[in-house]
$ cat query.txt   # compact mmCIF, C-alpha atoms
# COMPACT_ATOMS: atom_id res chain seq x y z
CA MET A 761 23.29 -57.59 -89.53
CA GLU A 762 20.64 -57.03 -92.19
CA LYS A 763 19.71 -53.67 -93.66
CA VAL A 764 17.07 -51.72 -91.75
CA CYS A 765 14.57 -49.72 -93.81
CA ILE A 766 14.21 -46.38 -91.99
CA ASN A 767 11.32 -44.00 -92.61
CA LYS A 768 11.58 -40.76 -90.66
CA GLY A 769 9.13 -37.88 -90.63
CA ILE A 770 6.94 -39.07 -93.50
CA PHE A 771 3.25 -39.92 -93.77
CA LEU A 772 2.23 -43.27 -92.30
CA LYS A 773 0.85 -44.62 -95.58
CA GLU A 774 4.07 -43.88 -97.43
CA ALA A 775 6.21 -45.36 -94.65
CA ILE A 776 4.26 -48.62 -94.57
CA LYS A 777 4.29 -48.87 -98.35
CA ASN A 778 8.08 -48.63 -98.22
CA CYS A 779 8.20 -51.31 -95.52
CA ILE A 780 6.00 -53.73 -97.45
CA ASN A 781 8.01 -53.13 -100.62
CA TYR A 782 11.10 -54.06 -98.62
CA LEU A 783 9.32 -57.15 -97.29
CA GLU A 784 8.55 -58.24 -100.84
CA SER A 785 12.15 -57.72 -101.95
CA VAL A 786 13.86 -59.73 -99.20
CA SER A 787 11.45 -62.41 -98.05
CA LYS A 788 9.69 -65.58 -99.08
CA ALA A 789 6.30 -64.17 -98.18
CA ARG A 790 4.75 -65.15 -101.49
CA LYS A 791 5.13 -68.79 -100.52
CA LYS A 792 2.74 -68.26 -97.59
CA ASP A 793 -1.04 -68.10 -97.81
CA ILE A 794 -1.41 -66.69 -94.29
CA PHE A 795 -0.02 -63.55 -92.69
CA LEU A 796 -0.04 -63.29 -88.91
CA ILE A 797 0.38 -59.71 -87.71
CA LYS A 798 1.66 -59.74 -84.12
CA PRO A 799 1.29 -56.36 -82.36
CA ASN A 800 2.39 -55.75 -78.78
CA LEU A 801 -0.82 -55.77 -76.75
CA VAL A 802 0.64 -56.80 -73.42
CA THR A 803 -2.34 -55.16 -71.70
CA ASP A 804 -5.05 -52.68 -72.66
CA ALA A 805 -3.05 -49.56 -71.81
CA PRO A 806 -2.98 -46.99 -74.64
CA PRO A 807 -0.04 -46.39 -77.01
CA PRO A 808 2.91 -46.13 -76.81
CA ILE A 809 2.63 -48.89 -74.21
CA THR A 810 0.83 -50.92 -76.87
CA THR A 811 0.82 -50.97 -80.67
CA PRO A 812 -1.66 -48.42 -82.06
CA THR A 813 -4.33 -49.52 -84.50
CA ASP A 814 -3.42 -46.96 -87.16
CA ILE A 815 -0.15 -48.67 -88.10
CA VAL A 816 -1.73 -52.14 -88.12
CA GLU A 817 -4.57 -50.83 -90.28
CA GLU A 818 -2.14 -49.47 -92.84
CA ILE A 819 -0.14 -52.72 -92.82
CA VAL A 820 -3.32 -54.71 -93.50
CA LYS A 821 -4.25 -52.42 -96.39
CA GLN A 822 -0.80 -52.65 -97.95
CA LEU A 823 -0.67 -56.44 -97.54
CA LYS A 824 -4.02 -56.74 -99.29
CA LEU A 825 -2.65 -54.76 -102.22
CA SER A 826 0.55 -56.79 -102.45
CA PHE A 827 -0.89 -60.22 -101.54
CA PRO A 828 -4.57 -60.10 -102.56
CA LYS A 829 -5.13 -63.85 -102.06
CA ALA A 830 -3.60 -64.03 -98.60
CA HIS A 831 -5.53 -64.66 -95.41
CA ILE A 832 -4.60 -62.00 -92.84
CA ILE A 833 -4.74 -62.61 -89.09
CA ILE A 834 -4.08 -60.22 -86.23
CA GLY A 835 -2.90 -62.39 -83.37
CA GLU A 836 -1.84 -61.71 -79.80
CA GLY A 837 -1.81 -63.36 -76.41
CA SER A 838 -2.15 -60.64 -73.83
CA ALA A 839 -0.17 -61.02 -70.60
CA SER A 840 -2.65 -59.14 -68.41
CA VAL A 841 -3.81 -60.96 -65.29
CA PHE A 842 -7.02 -58.96 -65.11
CA LYS A 843 -8.27 -58.97 -68.71
CA ASP A 844 -8.28 -61.61 -71.39
CA THR A 845 -7.05 -61.00 -74.92
CA TRP A 846 -10.54 -60.39 -76.30
CA GLN A 847 -11.11 -57.59 -73.80
CA VAL A 848 -7.74 -56.10 -74.74
CA PHE A 849 -8.61 -56.33 -78.45
CA SER A 850 -11.91 -54.57 -77.81
CA ASN A 851 -10.58 -51.86 -75.51
CA LEU A 852 -7.75 -50.91 -77.88
CA GLY A 853 -9.91 -50.81 -81.02
CA TYR A 854 -8.72 -54.03 -82.66
CA THR A 855 -12.14 -55.69 -82.66
CA ASP A 856 -13.60 -52.79 -84.64
CA LEU A 857 -10.53 -52.68 -86.89
CA ALA A 858 -10.73 -56.37 -87.77
CA SER A 859 -14.45 -56.13 -88.48
CA ARG A 860 -14.03 -53.09 -90.68
CA LEU A 861 -11.13 -54.53 -92.69
CA GLY A 862 -12.39 -58.11 -92.87
CA VAL A 863 -9.47 -59.78 -91.13
CA GLU A 864 -9.41 -62.45 -88.45
CA LEU A 865 -8.55 -61.86 -84.79
CA VAL A 866 -6.87 -64.72 -82.93
CA ASP A 867 -6.17 -65.10 -79.21
CA LEU A 868 -2.81 -66.85 -79.20
CA ASN A 869 -3.31 -67.74 -75.52
CA THR A 870 -5.95 -70.30 -76.48
CA GLU A 871 -4.81 -71.57 -79.89
CA SER A 872 -3.99 -75.19 -80.72
CA LEU A 873 -0.40 -75.96 -79.74
CA ILE A 874 2.55 -77.95 -80.97
CA HIS A 875 5.23 -79.39 -78.70
CA LEU A 876 8.90 -78.94 -79.59
CA LYS A 877 12.07 -80.12 -77.84
CA ASP A 878 15.73 -79.15 -77.82
CA PRO A 879 17.80 -80.69 -75.00
CA ASN A 880 20.58 -78.18 -75.65
CA LYS A 881 18.43 -75.27 -74.47
CA ARG A 882 18.65 -74.00 -70.89
CA ILE A 883 15.20 -72.46 -70.31
CA PHE A 884 13.12 -74.08 -73.04
CA LYS A 885 14.33 -77.66 -73.33
CA GLU A 886 10.77 -78.22 -74.42
CA ILE A 887 8.23 -75.65 -75.49
CA TRP A 888 4.56 -75.39 -76.45
CA LEU A 889 3.77 -72.87 -79.18
CA PRO A 890 0.65 -72.00 -81.20
CA LYS A 891 0.47 -74.11 -84.32
CA VAL A 892 -0.53 -71.09 -86.42
CA LEU A 893 2.98 -69.65 -85.99
CA PHE A 894 4.31 -72.41 -88.21
CA GLU A 895 1.55 -72.08 -90.78
CA ALA A 896 1.80 -68.32 -91.27
CA TYR A 897 4.26 -65.63 -92.22
CA VAL A 898 4.80 -63.81 -88.93
CA LEU A 899 4.95 -60.02 -89.17
CA SER A 900 5.81 -58.50 -85.80
CA VAL A 901 4.73 -54.91 -85.08
CA PRO A 902 6.28 -53.84 -81.77
CA VAL A 903 6.46 -50.38 -80.29
CA LEU A 904 9.67 -48.74 -79.07
CA LYS A 905 10.07 -49.26 -75.32
CA ALA A 906 12.68 -49.65 -72.65
CA HIS A 907 12.09 -52.59 -70.31
CA THR A 908 12.83 -52.87 -66.61
CA LEU A 909 14.02 -56.49 -66.87
CA ALA A 910 15.13 -56.98 -70.47
CA GLU A 911 16.59 -53.49 -71.15
CA VAL A 912 14.38 -53.16 -74.25
CA THR A 913 11.16 -54.68 -75.50
CA LEU A 914 11.18 -54.73 -79.29
CA THR A 915 10.56 -57.54 -81.77
CA MET A 916 12.36 -60.43 -80.06
CA LYS A 917 10.71 -59.64 -76.73
CA ASN A 918 7.37 -59.20 -78.54
CA MET A 919 7.39 -62.94 -79.27
CA ILE A 920 6.82 -63.68 -75.57
CA GLY A 921 3.18 -62.87 -76.32
CA VAL A 922 2.84 -66.14 -78.24
CA LEU A 923 3.51 -68.30 -75.16
CA PRO A 924 0.40 -70.06 -73.79
CA PRO A 925 -0.41 -69.19 -70.14
CA LYS A 926 -1.40 -72.81 -69.56
CA PHE A 927 2.32 -73.57 -69.41
CA TYR A 928 4.00 -70.22 -68.75
CA GLN A 929 1.98 -68.37 -66.12
CA GLU A 930 3.40 -68.78 -62.63
CA GLN A 931 1.62 -68.22 -59.30
CA GLY A 932 -1.02 -65.84 -60.62
CA HIS A 933 1.48 -63.37 -62.00
CA TRP A 934 1.68 -62.09 -65.60
CA LYS A 935 0.56 -64.77 -68.02
CA LYS A 936 4.09 -65.22 -69.41
CA SER A 937 5.93 -64.83 -66.08
CA TYR A 938 7.92 -68.06 -66.55
CA CYS A 939 10.26 -66.05 -68.77
CA HIS A 940 11.20 -63.60 -66.03
CA ARG A 941 13.54 -66.02 -64.25
CA GLU A 942 16.24 -65.64 -66.95
CA ILE A 943 14.67 -63.22 -69.33
CA HIS A 944 17.48 -62.70 -71.85
CA THR A 945 18.03 -66.44 -72.26
CA ALA A 946 14.28 -67.04 -72.46
CA ILE A 947 13.83 -64.43 -75.19
CA LEU A 948 16.78 -65.76 -77.17
CA GLU A 949 15.74 -69.41 -76.96
CA LEU A 950 12.12 -68.65 -77.82
CA ASN A 951 13.26 -66.85 -80.95
CA GLN A 952 15.47 -69.79 -81.87
CA TYR A 953 12.31 -71.92 -81.97
CA ARG A 954 10.27 -69.27 -83.84
CA SER A 955 11.25 -65.70 -84.61
CA PRO A 956 9.37 -63.13 -86.69
CA ASP A 957 9.78 -63.38 -90.43
CA PHE A 958 9.67 -59.60 -90.73
CA THR A 959 9.32 -56.68 -88.35
CA ILE A 960 7.82 -53.23 -88.70
CA LEU A 961 8.86 -51.21 -85.65
CA ASP A 962 6.64 -48.30 -84.64
CA ALA A 963 9.17 -45.82 -83.26
CA ARG A 964 7.12 -42.71 -83.82
CA ARG A 965 7.02 -42.46 -80.04
CA GLY A 966 8.88 -44.40 -77.39
CA LEU A 967 8.95 -45.14 -73.68
CA ALA A 968 12.33 -44.06 -72.35
CA LYS A 969 12.59 -45.77 -68.95
CA SER A 970 10.03 -48.55 -68.54
CA HIS A 971 7.64 -50.73 -70.53
CA LEU A 972 4.34 -49.97 -68.77
CA SER A 973 4.68 -46.34 -67.68
CA GLY A 974 7.03 -43.41 -67.39
CA PRO A 975 8.39 -40.67 -69.63
CA GLU A 976 8.40 -40.76 -73.39
CA LEU A 977 11.43 -40.02 -75.54
CA ASN A 978 11.68 -36.29 -76.08
CA PRO A 979 11.84 -35.39 -78.87
CA PRO A 980 9.96 -38.38 -80.28
CA PRO A 981 11.97 -40.32 -82.89
CA ASP A 982 9.15 -40.14 -85.48
CA ILE A 983 10.48 -43.26 -87.21
CA ILE A 984 8.95 -46.39 -88.69
CA ALA A 985 11.61 -49.00 -89.41
CA ALA A 986 11.58 -52.48 -90.90
CA SER A 987 13.85 -55.49 -91.27
CA PRO A 988 13.66 -59.24 -91.87
CA ASP A 989 16.28 -59.78 -89.16
CA PRO A 990 15.11 -59.53 -85.54
CA ALA A 991 18.56 -58.77 -84.11
CA SER A 992 19.13 -55.97 -86.63
CA ILE A 993 15.86 -54.19 -85.93
CA ASP A 994 16.30 -54.64 -82.18
CA ALA A 995 19.82 -53.25 -82.31
CA PHE A 996 18.46 -50.24 -84.20
CA GLY A 997 15.67 -49.76 -81.67
CA ALA A 998 18.08 -50.08 -78.76
CA ARG A 999 20.18 -47.27 -80.22
CA LEU A 1000 17.09 -45.06 -80.45
CA LEU A 1001 16.60 -45.68 -76.74
CA GLY A 1002 20.19 -44.68 -76.04
CA LYS A 1003 21.29 -48.21 -75.19
CA ASP A 1004 24.28 -50.22 -76.38
CA TRP A 1005 22.75 -53.26 -78.10
CA ARG A 1006 26.04 -55.13 -77.73
CA LYS A 1007 25.40 -55.25 -73.97
CA ILE A 1008 21.85 -56.60 -74.25
CA GLY A 1009 21.94 -60.36 -73.77
CA HIS A 1010 19.09 -61.43 -76.04
CA ILE A 1011 20.28 -59.25 -78.95
CA ASN A 1012 23.97 -60.04 -78.64
CA PRO A 1013 24.38 -63.30 -76.70
CA ASP A 1014 28.11 -63.46 -77.41
$ encode --input "query.txt" --output "structure tokens"
Amino acid sequence: MEKVCINKGIFLKEAIKNCINYLESVSKARKKDIFLIKPNLVTDAPPPITTPTDIVEEIVKQLKLSFPKAHIIIGEGSASVFKDTWQVFSNLGYTDLASRLGVELVDLNTESLIHLKDPNKRIFKEIWLPKVLFEAYVLSVPVLKAHTLAEVTLTMKNMIGVLPPKFYQEQGHWKKSYCHREIHTAILELNQYRSPDFTILDARRGLAKSHLSGPELNPPPDIIAASPDPASIDAFGARLLGKDWRKIGHINPD
């Protein structure tokens, strides 16, 4: 397990500065010309169901200071059946945010794809993924939530948003519903093809029982945490939710 940078009860700007400093110290980000920020915008419901714009705004500002020549993208592929990603961007304030900060918005549901194969996989013996994932440094920004199928939805589960509905929507259900058949295996195998390079977890608030509704953690954790290792940050988030990460299949497959 990698170290997790934990910022509790401090101003957002200071917390994100600490996270980006940690990113610079542990990663190969300087070798990338493109940053892809991947929030959790599964639908257009307000935070903490989705990633709030304030944390993404501060991440963009800090990245611009640390990597002034980089091209910054905010990318997501919403799973909503009723609204496309552009509607979700607009309704949650991301369209205005991107315009104001001069960054690009990308709908990962409609991006150019690459085709990968691994016959040793169980769920994804072959997979189609957005090409931009392999051109950019992927910075995942999930929120802290329990999940009714996967126990938790943190950074590894957040990557389900990159899957194109053309291949992974089944029978008019959620646009990534293919993963629901064996969700822990699907999450794990997806992350073996492409996992986040770095994660900043917004755990200022958290959903205690479910991923789309229900009670929040009380008291709120008031934490922003970061790590280059998806399993480490997800284990930390699971503990905040009162769950044993060792019993969550996609975090601890052994």
$ closest_atom_pairs --input "query.txt" --of "range 813-913 of chain A" --to "range 958-963 of chain A" --cutoff "9 Å" --atoms "all atoms listed in the file" --output "JSON lines"
{"residue": "A:Ile815", "atom": "CA", "partner": "A:Asp962", "partner_atom": "CA", "distance": 7.6}
{"residue": "A:Ile819", "atom": "CA", "partner": "A:Ile960", "partner_atom": "CA", "distance": 9.0}
{"residue": "A:Tyr897", "atom": "CA", "partner": "A:Phe958", "partner_atom": "CA", "distance": 8.2}
{"residue": "A:Val898", "atom": "CA", "partner": "A:Phe958", "partner_atom": "CA", "distance": 6.7}
{"residue": "A:Leu899", "atom": "CA", "partner": "A:Phe958", "partner_atom": "CA", "distance": 5.0}
{"residue": "A:Ser900", "atom": "CA", "partner": "A:Thr959", "partner_atom": "CA", "distance": 4.7}
{"residue": "A:Val901", "atom": "CA", "partner": "A:Ile960", "partner_atom": "CA", "distance": 5.0}
{"residue": "A:Pro902", "atom": "CA", "partner": "A:Leu961", "partner_atom": "CA", "distance": 5.4}
{"residue": "A:Val903", "atom": "CA", "partner": "A:Asp962", "partner_atom": "CA", "distance": 4.8}
{"residue": "A:Leu904", "atom": "CA", "partner": "A:Ala963", "partner_atom": "CA", "distance": 5.1}
{"residue": "A:Lys905", "atom": "CA", "partner": "A:Ala963", "partner_atom": "CA", "distance": 8.7}
$ atom_distance --input "query.txt" --atom1 "CA of Leu950 in chain A" --atom2 "CA of Thr803 in chain A"
20.7 Å
$ atom_distance --input "query.txt" --atom1 "CA of Glu942 in chain A" --atom2 "CA of His907 in chain A"
14.1 Å
$ atom_distance --input "query.txt" --atom1 "CA of Gly1009 in chain A" --atom2 "CA of Leu948 in chain A"
8.2 Å
$ closest_residue --input "query.txt" --among "A:Pro1013, A:Gly997, A:Pro981, A:Pro975" --to "Gly769 in chain A" --atoms "all atoms listed in the file"
A:Pro981
$ build_atoms --input "query.txt" --residues "range 967-1000 of chain A" --atoms "N, CA and C atoms" --output "mmCIF file, in the frame of the given file"
data_model
loop_
_atom_site.group_PDB
_atom_site.id
_atom_site.type_symbol
_atom_site.label_atom_id
_atom_site.label_comp_id
_atom_site.auth_asym_id
_atom_site.auth_seq_id
_atom_site.Cartn_x
_atom_site.Cartn_y
_atom_site.Cartn_z
ATOM 1 N N LEU A 967 8.861 -45.244 -75.135
ATOM 2 C CA LEU A 967 8.950 -45.140 -73.680
ATOM 3 C C LEU A 967 10.419 -45.234 -73.277
ATOM 4 N N ALA A 968 10.896 -44.219 -72.578
ATOM 5 C CA ALA A 968 12.330 -44.060 -72.350
ATOM 6 C C ALA A 968 12.883 -44.880 -71.200
ATOM 7 N N LYS A 969 12.064 -45.176 -70.181
ATOM 8 C CA LYS A 969 12.590 -45.770 -68.950
ATOM 9 C C LYS A 969 11.980 -47.128 -68.601
ATOM 10 N N SER A 970 10.736 -47.355 -68.969
ATOM 11 C CA SER A 970 10.030 -48.550 -68.540
ATOM 12 C C SER A 970 9.065 -48.984 -69.631
ATOM 13 N N HIS A 971 8.484 -50.174 -69.473
ATOM 14 C CA HIS A 971 7.640 -50.730 -70.530
ATOM 15 C C HIS A 971 6.148 -50.532 -70.282
ATOM 16 N N LEU A 972 5.759 -50.124 -69.078
ATOM 17 C CA LEU A 972 4.340 -49.970 -68.770
ATOM 18 C C LEU A 972 3.967 -48.563 -68.308
ATOM 19 N N SER A 973 4.955 -47.693 -68.159
ATOM 20 C CA SER A 973 4.680 -46.340 -67.680
ATOM 21 C C SER A 973 5.942 -45.499 -67.855
ATOM 22 N N GLY A 974 5.847 -44.250 -67.419
ATOM 23 C CA GLY A 974 7.030 -43.410 -67.390
ATOM 24 C C GLY A 974 7.141 -42.470 -68.569
ATOM 25 N N PRO A 975 8.239 -41.713 -68.617
ATOM 26 C CA PRO A 975 8.390 -40.670 -69.630
ATOM 27 C C PRO A 975 8.602 -41.224 -71.031
ATOM 28 N N GLU A 976 8.141 -40.443 -71.994
ATOM 29 C CA GLU A 976 8.400 -40.760 -73.390
ATOM 30 C C GLU A 976 9.700 -40.107 -73.845
ATOM 31 N N LEU A 977 10.262 -40.638 -74.925
ATOM 32 C CA LEU A 977 11.430 -40.020 -75.540
ATOM 33 C C LEU A 977 11.068 -38.616 -76.002
ATOM 34 N N ASN A 978 11.928 -37.677 -75.718
ATOM 35 C CA ASN A 978 11.680 -36.290 -76.080
ATOM 36 C C ASN A 978 12.971 -35.682 -76.648
ATOM 37 N N PRO A 979 12.970 -35.350 -77.948
ATOM 38 C CA PRO A 979 11.840 -35.390 -78.870
ATOM 39 C C PRO A 979 11.523 -36.821 -79.314
ATOM 40 N N PRO A 980 10.303 -37.056 -79.773
ATOM 41 C CA PRO A 980 9.960 -38.380 -80.280
ATOM 42 C C PRO A 980 10.764 -38.708 -81.528
ATOM 43 N N PRO A 981 11.157 -39.966 -81.724
ATOM 44 C CA PRO A 981 11.970 -40.320 -82.890
ATOM 45 C C PRO A 981 11.266 -40.113 -84.226
ATOM 46 N N ASP A 982 9.934 -40.299 -84.257
ATOM 47 C CA ASP A 982 9.150 -40.140 -85.480
ATOM 48 C C ASP A 982 9.679 -41.024 -86.603
ATOM 49 N N ILE A 983 9.908 -42.297 -86.268
ATOM 50 C CA ILE A 983 10.480 -43.260 -87.210
ATOM 51 C C ILE A 983 9.605 -44.503 -87.282
ATOM 52 N N ILE A 984 9.465 -45.041 -88.478
ATOM 53 C CA ILE A 984 8.950 -46.390 -88.690
ATOM 54 C C ILE A 984 10.033 -47.148 -89.431
ATOM 55 N N ALA A 985 10.477 -48.252 -88.855
ATOM 56 C CA ALA A 985 11.610 -49.000 -89.410
ATOM 57 C C ALA A 985 11.203 -50.447 -89.656
ATOM 58 N N ALA A 986 11.929 -51.107 -90.552
ATOM 59 C CA ALA A 986 11.580 -52.480 -90.900
ATOM 60 C C ALA A 986 12.831 -53.284 -91.224
ATOM 61 N N SER A 987 12.754 -54.585 -90.935
ATOM 62 C CA SER A 987 13.850 -55.490 -91.270
ATOM 63 C C SER A 987 13.366 -56.932 -91.193
ATOM 64 N N PRO A 988 13.954 -57.819 -92.010
ATOM 65 C CA PRO A 988 13.660 -59.240 -91.870
ATOM 66 C C PRO A 988 14.441 -59.899 -90.741
ATOM 67 N N ASP A 989 15.414 -59.194 -90.172
ATOM 68 C CA ASP A 989 16.280 -59.780 -89.160
ATOM 69 C C ASP A 989 15.966 -59.208 -87.780
ATOM 70 N N PRO A 990 15.499 -60.040 -86.855
ATOM 71 C CA PRO A 990 15.110 -59.530 -85.540
ATOM 72 C C PRO A 990 16.243 -58.833 -84.786
ATOM 73 N N ALA A 991 17.445 -59.384 -84.838
ATOM 74 C CA ALA A 991 18.560 -58.770 -84.110
ATOM 75 C C ALA A 991 18.900 -57.398 -84.684
ATOM 76 N N SER A 992 18.805 -57.254 -86.003
ATOM 77 C CA SER A 992 19.130 -55.970 -86.630
ATOM 78 C C SER A 992 18.139 -54.888 -86.235
ATOM 79 N N ILE A 993 16.856 -55.203 -86.276
ATOM 80 C CA ILE A 993 15.860 -54.190 -85.930
ATOM 81 C C ILE A 993 15.903 -53.888 -84.434
ATOM 82 N N ASP A 994 16.207 -54.894 -83.612
ATOM 83 C CA ASP A 994 16.300 -54.640 -82.180
ATOM 84 C C ASP A 994 17.537 -53.830 -81.823
ATOM 85 N N ALA A 995 18.620 -54.062 -82.527
ATOM 86 C CA ALA A 995 19.820 -53.250 -82.310
ATOM 87 C C ALA A 995 19.542 -51.794 -82.682
ATOM 88 N N PHE A 996 18.829 -51.598 -83.784
ATOM 89 C CA PHE A 996 18.460 -50.240 -84.200
ATOM 90 C C PHE A 996 17.571 -49.585 -83.150
ATOM 91 N N GLY A 997 16.560 -50.311 -82.683
ATOM 92 C CA GLY A 997 15.670 -49.760 -81.670
ATOM 93 C C GLY A 997 16.389 -49.451 -80.366
ATOM 94 N N ALA A 998 17.315 -50.324 -79.980
ATOM 95 C CA ALA A 998 18.080 -50.080 -78.760
ATOM 96 C C ALA A 998 18.870 -48.774 -78.866
ATOM 97 N N ARG A 999 19.436 -48.521 -80.029
ATOM 98 C CA ARG A 999 20.180 -47.270 -80.220
ATOM 99 C C ARG A 999 19.266 -46.063 -80.088
ATOM 100 N N LEU A 1000 18.043 -46.165 -80.605
ATOM 101 C CA LEU A 1000 17.090 -45.060 -80.450
ATOM 102 C C LEU A 1000 16.795 -44.784 -78.981
#
